[in-house]
>>> print(open('work34.cif').read())   # mmCIF, C-alpha atoms and all ligand atoms
data_upload
#
loop_
_atom_site.group_PDB
_atom_site.id
_atom_site.type_symbol
_atom_site.label_atom_id
_atom_site.label_comp_id
_atom_site.auth_asym_id
_atom_site.auth_seq_id
_atom_site.Cartn_x
_atom_site.Cartn_y
_atom_site.Cartn_z
ATOM 1 C CA MET V 1 -9.360 79.484 78.303
ATOM 2 C CA LEU V 2 -11.595 81.951 80.100
ATOM 3 C CA ASP V 3 -9.776 83.290 83.153
ATOM 4 C CA LEU V 4 -12.455 83.239 85.820
ATOM 5 C CA PHE V 5 -10.092 84.759 88.369
ATOM 6 C CA ALA V 6 -8.821 87.657 86.251
ATOM 7 C CA ASP V 7 -10.807 90.212 88.233
ATOM 8 C CA GLU V 8 -9.803 88.833 91.617
ATOM 9 C CA HIS V 9 -6.157 89.955 91.649
ATOM 10 C CA PRO V 10 -5.400 91.686 93.900
ATOM 11 C CA TRP V 11 -8.108 91.497 96.518
ATOM 12 C CA LEU V 12 -8.779 93.269 99.781
ATOM 13 C CA GLU V 13 -9.305 91.547 103.136
ATOM 14 C CA PRO V 14 -10.422 93.538 106.186
ATOM 15 C CA LEU V 15 -8.175 92.738 109.176
ATOM 16 C CA ALA V 16 -9.264 95.051 112.032
ATOM 17 C CA PRO V 17 -10.762 98.550 112.367
ATOM 18 C CA GLY V 18 -8.422 100.731 110.280
ATOM 19 C CA ALA V 19 -6.458 97.721 108.982
ATOM 20 C CA VAL V 20 -6.651 95.805 105.695
ATOM 21 C CA ILE V 21 -4.636 93.280 103.734
ATOM 22 C CA LEU V 22 -4.201 93.993 100.031
ATOM 23 C CA ARG V 23 -3.545 90.482 98.829
ATOM 24 C CA ARG V 24 -0.909 90.130 96.046
ATOM 25 C CA PHE V 25 -0.983 93.907 95.541
ATOM 26 C CA ALA V 26 2.799 94.122 94.982
ATOM 27 C CA VAL V 27 3.249 91.002 92.846
ATOM 28 C CA ASP V 28 3.518 92.784 89.510
ATOM 29 C CA GLY V 29 6.267 95.177 90.589
ATOM 30 C CA ALA V 30 8.121 92.711 92.807
ATOM 31 C CA GLY V 31 11.129 92.265 90.511
ATOM 32 C CA ALA V 32 11.719 96.025 90.417
ATOM 33 C CA LEU V 33 11.303 96.218 94.205
ATOM 34 C CA MET V 34 13.950 93.495 94.669
ATOM 35 C CA THR V 35 16.388 95.312 92.377
ATOM 36 C CA ALA V 36 15.828 98.478 94.403
ATOM 37 C CA ILE V 37 16.365 96.575 97.691
ATOM 38 C CA GLU V 38 19.715 95.336 96.356
ATOM 39 C CA GLN V 39 20.704 98.889 95.398
ATOM 40 C CA VAL V 40 19.827 100.205 98.856
ATOM 41 C CA ALA V 41 21.725 97.333 100.521
ATOM 42 C CA SER V 42 24.806 97.991 98.379
ATOM 43 C CA GLN V 43 25.045 101.397 100.106
ATOM 44 C CA SER V 44 23.625 100.615 103.557
ATOM 45 C CA PRO V 45 24.142 96.876 104.090
ATOM 46 C CA PHE V 46 21.762 94.562 105.947
ATOM 47 C CA ARG V 47 22.846 94.163 109.542
ATOM 48 C CA GLN V 48 21.500 92.475 112.664
ATOM 49 C CA MET V 49 20.848 95.302 115.094
ATOM 50 C CA VAL V 50 21.407 94.914 118.834
ATOM 51 C CA THR V 51 18.540 95.913 121.137
ATOM 52 C CA PRO V 52 19.142 98.247 124.111
ATOM 53 C CA GLY V 53 18.942 95.103 126.260
ATOM 54 C CA GLY V 54 21.892 93.580 124.387
ATOM 55 C CA TYR V 55 19.976 91.053 122.285
ATOM 56 C CA THR V 56 21.024 90.604 118.641
ATOM 57 C CA MET V 57 17.904 90.625 116.474
ATOM 58 C CA SER V 58 17.445 87.619 114.177
ATOM 59 C CA VAL V 59 16.030 89.793 111.390
ATOM 60 C CA ALA V 60 18.623 91.672 109.303
ATOM 61 C CA MET V 61 17.659 95.284 108.593
ATOM 62 C CA THR V 62 18.501 98.338 106.574
ATOM 63 C CA ASN V 63 16.604 101.522 105.677
ATOM 64 C CA CYS V 64 16.029 104.061 102.971
ATOM 65 C CA GLY V 65 14.442 107.503 102.975
ATOM 66 C CA GLN V 66 15.164 110.621 105.010
ATOM 67 C CA LEU V 67 15.025 108.707 108.284
ATOM 68 C CA GLY V 68 15.910 105.143 109.241
ATOM 69 C CA TRP V 69 14.882 103.058 112.234
ATOM 70 C CA THR V 70 17.802 101.911 114.324
ATOM 71 C CA THR V 71 18.907 100.956 117.824
ATOM 72 C CA ASN V 72 21.560 102.068 120.254
ATOM 73 C CA ALA V 73 22.394 101.393 123.893
ATOM 74 C CA ARG V 74 19.727 103.864 125.030
ATOM 75 C CA GLY V 75 16.791 102.776 122.915
ATOM 76 C CA TYR V 76 15.135 102.755 119.501
ATOM 77 C CA LEU V 77 15.302 105.828 117.325
ATOM 78 C CA TYR V 78 14.919 107.261 113.847
ATOM 79 C CA SER V 79 18.162 108.679 112.515
ATOM 80 C CA PRO V 80 18.947 110.578 109.284
ATOM 81 C CA VAL V 81 22.362 108.869 109.260
ATOM 82 C CA ASP V 82 23.190 105.165 109.011
ATOM 83 C CA PRO V 83 25.268 104.553 112.161
ATOM 84 C CA GLN V 84 27.256 101.857 110.340
ATOM 85 C CA THR V 85 28.323 103.924 107.302
ATOM 86 C CA GLN V 86 28.067 107.359 108.970
ATOM 87 C CA SER V 87 26.332 108.523 105.746
ATOM 88 C CA PRO V 88 22.682 109.398 105.124
ATOM 89 C CA TRP V 89 20.471 106.409 104.405
ATOM 90 C CA PRO V 90 19.985 105.816 100.637
ATOM 91 C CA ALA V 91 17.139 107.803 99.090
ATOM 92 C CA MET V 92 13.759 106.095 98.879
ATOM 93 C CA PRO V 93 13.594 104.458 95.413
ATOM 94 C CA GLU V 94 10.831 105.759 93.159
ATOM 95 C CA VAL V 95 9.375 102.227 92.804
ATOM 96 C CA PHE V 96 8.998 102.075 96.596
ATOM 97 C CA ARG V 97 7.283 105.445 96.743
ATOM 98 C CA SER V 98 4.853 104.721 93.948
ATOM 99 C CA LEU V 99 3.870 101.331 95.351
ATOM 100 C CA CYS V 100 3.325 102.848 98.801
ATOM 101 C CA ASP V 101 1.201 105.655 97.316
ATOM 102 C CA ARG V 102 -1.048 103.209 95.486
ATOM 103 C CA ALA V 103 -1.343 100.833 98.449
ATOM 104 C CA SER V 104 -2.112 103.502 101.032
ATOM 105 C CA ALA V 105 -4.773 105.008 98.747
ATOM 106 C CA ALA V 106 -6.334 101.574 98.135
ATOM 107 C CA ALA V 107 -6.443 101.040 101.903
ATOM 108 C CA GLY V 108 -8.181 104.361 102.576
ATOM 109 C CA TYR V 109 -5.165 106.503 103.574
ATOM 110 C CA PRO V 110 -4.676 108.684 100.466
ATOM 111 C CA ASP V 111 -2.611 111.383 102.209
ATOM 112 C CA PHE V 112 0.158 109.174 103.564
ATOM 113 C CA THR V 113 3.659 110.466 102.719
ATOM 114 C CA PRO V 114 6.342 108.192 104.177
ATOM 115 C CA ASP V 115 9.763 109.587 104.991
ATOM 116 C CA ALA V 116 11.192 106.276 106.212
ATOM 117 C CA CYS V 117 11.234 102.720 104.935
ATOM 118 C CA LEU V 118 12.621 99.919 107.098
ATOM 119 C CA ILE V 119 13.695 96.880 105.070
ATOM 120 C CA ASN V 120 13.631 93.584 106.969
ATOM 121 C CA ARG V 121 15.299 90.416 105.719
ATOM 122 C CA TYR V 122 14.270 87.108 107.290
ATOM 123 C CA ALA V 123 16.447 83.999 106.936
ATOM 124 C CA PRO V 124 15.065 80.633 108.102
ATOM 125 C CA GLY V 125 14.308 80.829 111.827
ATOM 126 C CA ALA V 126 14.281 84.651 111.937
ATOM 127 C CA LYS V 127 11.337 86.189 113.751
ATOM 128 C CA LEU V 128 10.022 89.463 115.081
ATOM 129 C CA SER V 129 8.543 89.236 118.562
ATOM 130 C CA LEU V 130 5.217 90.855 119.338
ATOM 131 C CA HIS V 131 5.645 94.656 119.409
ATOM 132 C CA GLN V 132 3.941 97.973 118.693
ATOM 133 C CA ASP V 133 5.251 100.471 116.128
ATOM 134 C CA LYS V 134 5.296 103.453 118.469
ATOM 135 C CA ASP V 135 8.545 105.302 117.767
ATOM 136 C CA GLU V 136 6.826 107.606 115.257
ATOM 137 C CA PRO V 137 5.750 111.054 116.528
ATOM 138 C CA ASP V 138 2.547 111.379 114.459
ATOM 139 C CA LEU V 139 0.335 108.359 114.992
ATOM 140 C CA ARG V 140 -2.278 109.638 112.535
ATOM 141 C CA ALA V 141 -0.115 108.241 109.726
ATOM 142 C CA PRO V 142 -0.590 104.520 109.019
ATOM 143 C CA ILE V 143 2.012 101.793 108.570
ATOM 144 C CA VAL V 144 2.281 100.207 105.110
ATOM 145 C CA SER V 145 3.960 96.799 105.153
ATOM 146 C CA VAL V 146 4.942 94.887 101.990
ATOM 147 C CA SER V 147 5.845 91.176 101.987
ATOM 148 C CA LEU V 148 8.156 89.679 99.356
ATOM 149 C CA GLY V 149 9.425 86.139 98.876
ATOM 150 C CA LEU V 150 8.892 83.281 101.302
ATOM 151 C CA PRO V 151 5.613 83.210 103.235
ATOM 152 C CA ALA V 152 5.499 83.905 106.977
ATOM 153 C CA VAL V 153 2.929 83.773 109.750
ATOM 154 C CA PHE V 154 1.921 87.277 110.856
ATOM 155 C CA GLN V 155 0.341 87.812 114.256
ATOM 156 C CA PHE V 156 -1.966 90.768 114.724
ATOM 157 C CA GLY V 157 -3.464 91.529 118.129
ATOM 158 C CA GLY V 158 -4.825 94.589 119.873
ATOM 159 C CA ARG V 159 -3.787 97.557 122.008
ATOM 160 C CA LYS V 160 -2.675 95.306 124.853
ATOM 161 C CA ARG V 161 0.037 92.677 124.583
ATOM 162 C CA SER V 162 -2.374 90.189 126.143
ATOM 163 C CA ASP V 163 -5.153 90.802 123.578
ATOM 164 C CA PRO V 164 -6.083 87.779 121.429
ATOM 165 C CA LEU V 165 -4.001 87.317 118.275
ATOM 166 C CA THR V 166 -5.146 86.708 114.725
ATOM 167 C CA ARG V 167 -2.580 84.549 112.875
ATOM 168 C CA LEU V 168 -2.462 84.751 109.119
ATOM 169 C CA MET V 169 -0.054 83.818 106.373
ATOM 170 C CA LEU V 170 1.521 86.704 104.491
ATOM 171 C CA GLU V 171 2.598 85.702 101.016
ATOM 172 C CA HIS V 172 4.644 87.197 98.213
ATOM 173 C CA GLY V 173 3.171 90.556 97.190
ATOM 174 C CA ASP V 174 0.781 90.938 100.126
ATOM 175 C CA VAL V 175 0.523 94.441 101.590
ATOM 176 C CA VAL V 176 -0.832 95.076 105.088
ATOM 177 C CA VAL V 177 -1.889 98.602 106.012
ATOM 178 C CA TRP V 178 -2.810 99.535 109.580
ATOM 179 C CA GLY V 179 -3.746 102.906 110.975
ATOM 180 C CA GLY V 180 -6.546 104.700 112.774
ATOM 181 C CA GLU V 181 -7.920 102.549 115.572
ATOM 182 C CA SER V 182 -5.405 99.765 114.990
ATOM 183 C CA ARG V 183 -2.302 101.936 114.568
ATOM 184 C CA LEU V 184 -0.830 100.799 117.903
ATOM 185 C CA PHE V 185 -1.954 97.180 117.713
ATOM 186 C CA TYR V 186 0.624 94.579 118.672
ATOM 187 C CA HIS V 187 2.008 92.479 115.819
ATOM 188 C CA GLY V 188 4.862 90.124 115.036
ATOM 189 C CA ILE V 189 6.255 87.487 112.693
ATOM 190 C CA GLN V 190 6.689 83.832 113.691
ATOM 191 C CA PRO V 191 9.985 82.084 112.872
ATOM 192 C CA LEU V 192 10.450 81.774 109.097
ATOM 193 C CA LYS V 193 10.175 78.265 107.701
ATOM 194 C CA PRO V 194 12.996 77.273 105.311
ATOM 195 C CA GLY V 195 12.091 77.321 101.630
ATOM 196 C CA GLU V 196 13.075 78.557 98.217
ATOM 197 C CA HIS V 197 11.392 81.401 96.362
ATOM 198 C CA SER V 198 12.047 82.101 92.678
ATOM 199 C CA LEU V 199 12.648 85.838 93.281
ATOM 200 C CA THR V 200 14.134 86.027 96.795
ATOM 201 C CA GLY V 201 15.839 82.639 97.257
ATOM 202 C CA GLU V 202 15.938 81.507 100.884
ATOM 203 C CA PHE V 203 14.701 84.826 102.267
ATOM 204 C CA ARG V 204 11.576 86.763 103.064
ATOM 205 C CA TYR V 205 11.780 90.543 102.717
ATOM 206 C CA ASN V 206 9.453 93.085 104.245
ATOM 207 C CA LEU V 207 9.259 96.801 103.582
ATOM 208 C CA THR V 208 7.552 98.965 106.192
ATOM 209 C CA PHE V 209 6.816 102.508 105.226
ATOM 210 C CA ARG V 210 6.417 105.025 108.038
ATOM 211 C CA GLN V 211 6.058 108.711 108.608
ATOM 212 C CA ALA V 212 8.759 109.114 111.219
ATOM 213 C CA GLY V 213 9.477 112.845 111.176
HETATM 214 C C1 LIG O 301 7.346 94.912 111.296
HETATM 215 O O1 LIG O 301 6.555 94.710 112.187
HETATM 216 O O2 LIG O 301 8.042 95.948 111.273
HETATM 217 C C2 LIG O 301 7.532 93.928 110.162
HETATM 218 C C3 LIG O 301 6.424 92.962 109.965
HETATM 219 C C4 LIG O 301 6.720 92.006 108.834
HETATM 220 O O3 LIG O 301 7.873 91.595 108.632
HETATM 221 O O4 LIG O 301 5.766 91.623 108.128
HETATM 222 FE FE FE2 O 302 6.254 96.475 113.406
#
>>> encode(input="work34.cif", output="structure tokens")
Amino acid sequence: MLDLFADEHPWLEPLAPGAVILRRFAVDGAGALMTAIEQVASQSPFRQMVTPGGYTMSVAMTNCGQLGWTTNARGYLYSPVDPQTQSPWPAMPEVFRSLCDRASAAAGYPDFTPDACLINRYAPGAKLSLHQDKDEPDLRAPIVSVSLGLPAVFQFGGRKRSDPLTRLMLEHGDVVVWGGESRLFYHGIQPLKPGEHSLTGEFRYNLTFRQAG
């Protein structure tokens, strides 16, 4: 049968000035990405970090790359060492790097070289409240965010917390890239609905690549 949709995968959706969604961009390599996530987590396990205010985050996190995003009693920071293992974070897997290179180029940021990748794991009910990614020193570099597994509702707003929100479903393999004018736009993830995904089981995973150094 003639595949009328063969040329439509993946496809690009503008989101905001400087921001695009590359729909299904990571589907083909998703199995290799999951294997790499498991390897990272075997060295630096997923953990629910505690915010400076004493709140245990519902999303479980780990990192790979030269720097990893973490919390302590004083605030949020990028650290070269995993505070739980007292060892450097695992190296960024080559499959992560190559996907991020291709996605950032497709989104119009060909010079992006991430040195940090935060890996988020959402179980049913886990959410990420509206926030800005503003712990990175050089805001000229974009954020590249890869969704794997169960779908979730992503909220994307503006520079102010009170700006109107766009709500959209992020599905398996979708990549969102935001930089330029929208680099500091508020965003978040609504509570994950229970489900079963053939690759990730009851979870949603998200990789966010950053230049943090
Ligand atoms: C984040 O804002 O760091 C993660 C967003 C997501 O899970 O899609
Ligand atoms: Fe974020």
>>> residues_near_ligand(input="work34.cif", ligand="ligand FE2 302 (chain O)", cutoff="7 Å", atoms="all atoms listed in the file", output="number ranges by chain")
V: 131-133, 187-188
>>> write_last_selection(input="work34.cif", atoms="C-alpha atoms", output="JSON list (two decimals), keeping the file's coordinate frame")
[["chain", "number", "residue", "atom", "x", "y", "z"],
["V", 131, "HIS", "CA", 5.64, 94.66, 119.41],
["V", 132, "GLN", "CA", 3.94, 97.97, 118.69],
["V", 133, "ASP", "CA", 5.25, 100.47, 116.13],
["V", 187, "HIS", "CA", 2.01, 92.48, 115.82],
["V", 188, "GLY", "CA", 4.86, 90.12, 115.04]]
>>> residues_near_ligand(input="work34.cif", ligand="ligand LIG 301 (chain O)", cutoff="6 Å", atoms="only C-alpha atoms and all ligand atoms", output="ChimeraX atom specification")
/V:188-189,206,208
>>> closest_residue(input="work34.cif", among="V:Leu207, V:Met49, V:Leu15, V:Leu128", to="Ile37 in chain V", atoms="all atoms listed in the file")
V:Leu207
>>> resolve_selection(input="work34.cif", expression="the PyMOL selection byres (((chain V and resi 65-69) around 8) and not hetatm)", output="ChimeraX atom specification")
/V:62-64,70-71,76-82,88-92,115-118,212-213
>>> write_last_selection(input="work34.cif", atoms="C-alpha atoms", output="short mmCIF file (atom, residue, chain, number, x, y, z; two decimals), in the frame of the given file")
data_model
loop_
_atom_site.label_atom_id
_atom_site.label_comp_id
_atom_site.auth_asym_id
_atom_site.auth_seq_id
_atom_site.Cartn_x
_atom_site.Cartn_y
_atom_site.Cartn_z
CA THR V 62 18.50 98.34 106.57
CA ASN V 63 16.60 101.52 105.68
CA CYS V 64 16.03 104.06 102.97
CA THR V 70 17.80 101.91 114.32
CA THR V 71 18.91 100.96 117.82
CA TYR V 76 15.14 102.76 119.50
CA LEU V 77 15.30 105.83 117.32
CA TYR V 78 14.92 107.26 113.85
CA SER V 79 18.16 108.68 112.52
CA PRO V 80 18.95 110.58 109.28
CA VAL V 81 22.36 108.87 109.26
CA ASP V 82 23.19 105.16 109.01
CA PRO V 88 22.68 109.40 105.12
CA TRP V 89 20.47 106.41 104.40
CA PRO V 90 19.98 105.82 100.64
CA ALA V 91 17.14 107.80 99.09
CA MET V 92 13.76 106.10 98.88
CA ASP V 115 9.76 109.59 104.99
CA ALA V 116 11.19 106.28 106.21
CA CYS V 117 11.23 102.72 104.94
CA LEU V 118 12.62 99.92 107.10
CA ALA V 212 8.76 109.11 111.22
CA GLY V 213 9.48 112.84 111.18
#
>>> resolve_selection(input="work34.cif", expression="the PyMOL selection byres (((chain V and resi 23) around 9) and not hetatm)", output="count of residues only")
17
>>> resolve_selection(input="work34.cif", expression="the PyMOL selection byres (((chain V and resi 178-180) around 7) and not hetatm)", output="short mmCIF file (atom, residue, chain, number, x, y, z; two decimals) with C-alpha atoms, keeping the file's coordinate frame")
data_model
loop_
_atom_site.label_atom_id
_atom_site.label_comp_id
_atom_site.auth_asym_id
_atom_site.auth_seq_id
_atom_site.Cartn_x
_atom_site.Cartn_y
_atom_site.Cartn_z
CA GLY V 18 -8.42 100.73 110.28
CA ALA V 19 -6.46 97.72 108.98
CA VAL V 20 -6.65 95.80 105.70
CA ARG V 140 -2.28 109.64 112.54
CA ALA V 141 -0.12 108.24 109.73
CA PRO V 142 -0.59 104.52 109.02
CA ILE V 143 2.01 101.79 108.57
CA VAL V 144 2.28 100.21 105.11
CA VAL V 176 -0.83 95.08 105.09
CA VAL V 177 -1.89 98.60 106.01
CA GLU V 181 -7.92 102.55 115.57
CA SER V 182 -5.40 99.76 114.99
CA ARG V 183 -2.30 101.94 114.57
#
>>> residues_around(input="work34.cif", residues="Thr113 in chain V", least_positions_apart="3", cutoff="9 Å", atoms="all atoms listed in the file", output="short mmCIF file (atom, residue, chain, number, x, y, z; two decimals) with C-alpha atoms, in the frame of the given file")
data_model
loop_
_atom_site.label_atom_id
_atom_site.label_comp_id
_atom_site.auth_asym_id
_atom_site.auth_seq_id
_atom_site.Cartn_x
_atom_site.Cartn_y
_atom_site.Cartn_z
CA ARG V 97 7.28 105.44 96.74
CA CYS V 100 3.32 102.85 98.80
CA ASP V 101 1.20 105.66 97.32
CA PRO V 110 -4.68 108.68 100.47
CA ALA V 141 -0.12 108.24 109.73
CA PHE V 209 6.82 102.51 105.23
CA ARG V 210 6.42 105.02 108.04
CA GLN V 211 6.06 108.71 108.61
#
>>> closest_residue(input="work34.cif", among="V:Asn120, V:Thr200, V:Gln190, V:Thr166", to="Val59 in chain V", atoms="all atoms listed in the file")
V:Asn120
>>> atom_distance(input="work34.cif", atom1="CA of Met169 in chain V", atom2="CA of Met57 in chain V")
21.7 Å
>>> atom_distance(input="work34.cif", atom1="CA of Leu165 in chain V", atom2="CA of Gln48 in chain V")
26.6 Å
>>> closest_residue(input="work34.cif", among="V:Gly108, V:Pro137, V:Gly53, V:Gly158", to="Tyr186 in chain V", atoms="all atoms listed in the file")
V:Gly158
>>> closest_residue(input="work34.cif", among="V:Ala41, V:Leu150, V:Ala32, V:Ala105", to="Tyr205 in chain V", atoms="all atoms listed in the file")
V:Leu150
>>> closest_residue(input="work34.cif", among="V:Ser129, V:Ser104, V:Ser44, V:Gln84", to="Arg161 in chain V", atoms="all atoms listed in the file")
V:Ser129
>>> atom_distance(input="work34.cif", atom1="CA of Gly125 in chain V", atom2="CA of Thr56 in chain V")
13.7 Å
>>> axis_aligned_box(input="work34.cif", around="range 152-166 of chain V", padding_each_side="4 Å", output="AutoDock Vina command-line options")
--center_x -0.3 --center_y 90.7 --center_z 116.6 --size_x 19.6 --size_y 21.8 --size_z 27.2
>>> closest_residue(input="work34.cif", among="V:Tyr55, V:Phe112, V:Phe185, V:Phe156", to="Leu168 in chain V", atoms="only C-alpha atoms")
V:Phe156
>>> build_atoms(input="work34.cif", residues="range 179-192 of chain V", atoms="N, CA and C atoms", output="PDB file, in the frame of the given file")
ATOM      1  N   GLY V 179      -3.749 101.535 110.482  1.00  0.00           N
ATOM      2  CA  GLY V 179      -3.746 102.906 110.975  1.00  0.00           C
ATOM      3  C   GLY V 179      -5.016 103.133 111.768  1.00  0.00           C
ATOM      4  N   GLY V 180      -5.307 104.397 112.050  1.00  0.00           N
ATOM      5  CA  GLY V 180      -6.546 104.700 112.774  1.00  0.00           C
ATOM      6  C   GLY V 180      -6.597 103.947 114.090  1.00  0.00           C
ATOM      7  N   GLU V 181      -7.704 103.259 114.309  1.00  0.00           N
ATOM      8  CA  GLU V 181      -7.920 102.549 115.572  1.00  0.00           C
ATOM      9  C   GLU V 181      -6.888 101.469 115.844  1.00  0.00           C
ATOM     10  N   SER V 182      -6.333 100.891 114.778  1.00  0.00           N
ATOM     11  CA  SER V 182      -5.405  99.765 114.990  1.00  0.00           C
ATOM     12  C   SER V 182      -3.932 100.174 114.858  1.00  0.00           C
ATOM     13  N   ARG V 183      -3.671 101.463 114.801  1.00  0.00           N
ATOM     14  CA  ARG V 183      -2.302 101.936 114.568  1.00  0.00           C
ATOM     15  C   ARG V 183      -1.302 101.406 115.588  1.00  0.00           C
ATOM     16  N   LEU V 184      -1.751 101.266 116.854  1.00  0.00           N
ATOM     17  CA  LEU V 184      -0.830 100.799 117.903  1.00  0.00           C
ATOM     18  C   LEU V 184      -1.062  99.333 118.269  1.00  0.00           C
ATOM     19  N   PHE V 185      -1.697  98.582 117.392  1.00  0.00           N
ATOM     20  CA  PHE V 185      -1.954  97.180 117.713  1.00  0.00           C
ATOM     21  C   PHE V 185      -0.648  96.373 117.681  1.00  0.00           C
ATOM     22  N   TYR V 186      -0.541  95.470 118.626  1.00  0.00           N
ATOM     23  CA  TYR V 186       0.624  94.579 118.672  1.00  0.00           C
ATOM     24  C   TYR V 186       0.642  93.662 117.450  1.00  0.00           C
ATOM     25  N   HIS V 187       1.855  93.384 116.958  1.00  0.00           N
ATOM     26  CA  HIS V 187       2.008  92.479 115.819  1.00  0.00           C
ATOM     27  C   HIS V 187       3.401  91.858 115.846  1.00  0.00           C
ATOM     28  N   GLY V 188       3.561  90.789 115.084  1.00  0.00           N
ATOM     29  CA  GLY V 188       4.862  90.124 115.036  1.00  0.00           C
ATOM     30  C   GLY V 188       4.886  89.084 113.932  1.00  0.00           C
ATOM     31  N   ILE V 189       6.061  88.503 113.733  1.00  0.00           N
ATOM     32  CA  ILE V 189       6.255  87.487 112.693  1.00  0.00           C
ATOM     33  C   ILE V 189       6.839  86.237 113.348  1.00  0.00           C
ATOM     34  N   GLN V 190       6.191  85.098 113.141  1.00  0.00           N
ATOM     35  CA  GLN V 190       6.689  83.832 113.691  1.00  0.00           C
ATOM     36  C   GLN V 190       7.919  83.366 112.906  1.00  0.00           C
ATOM     37  N   PRO V 191       8.732  82.504 113.523  1.00  0.00           N
ATOM     38  CA  PRO V 191       9.985  82.084 112.872  1.00  0.00           C
ATOM     39  C   PRO V 191       9.764  81.600 111.433  1.00  0.00           C
ATOM     40  N   LEU V 192      10.602  82.102 110.523  1.00  0.00           N
ATOM     41  CA  LEU V 192      10.450  81.774 109.097  1.00  0.00           C
ATOM     42  C   LEU V 192      10.785  80.312 108.854  1.00  0.00           C
TER      43      LEU V 192
END
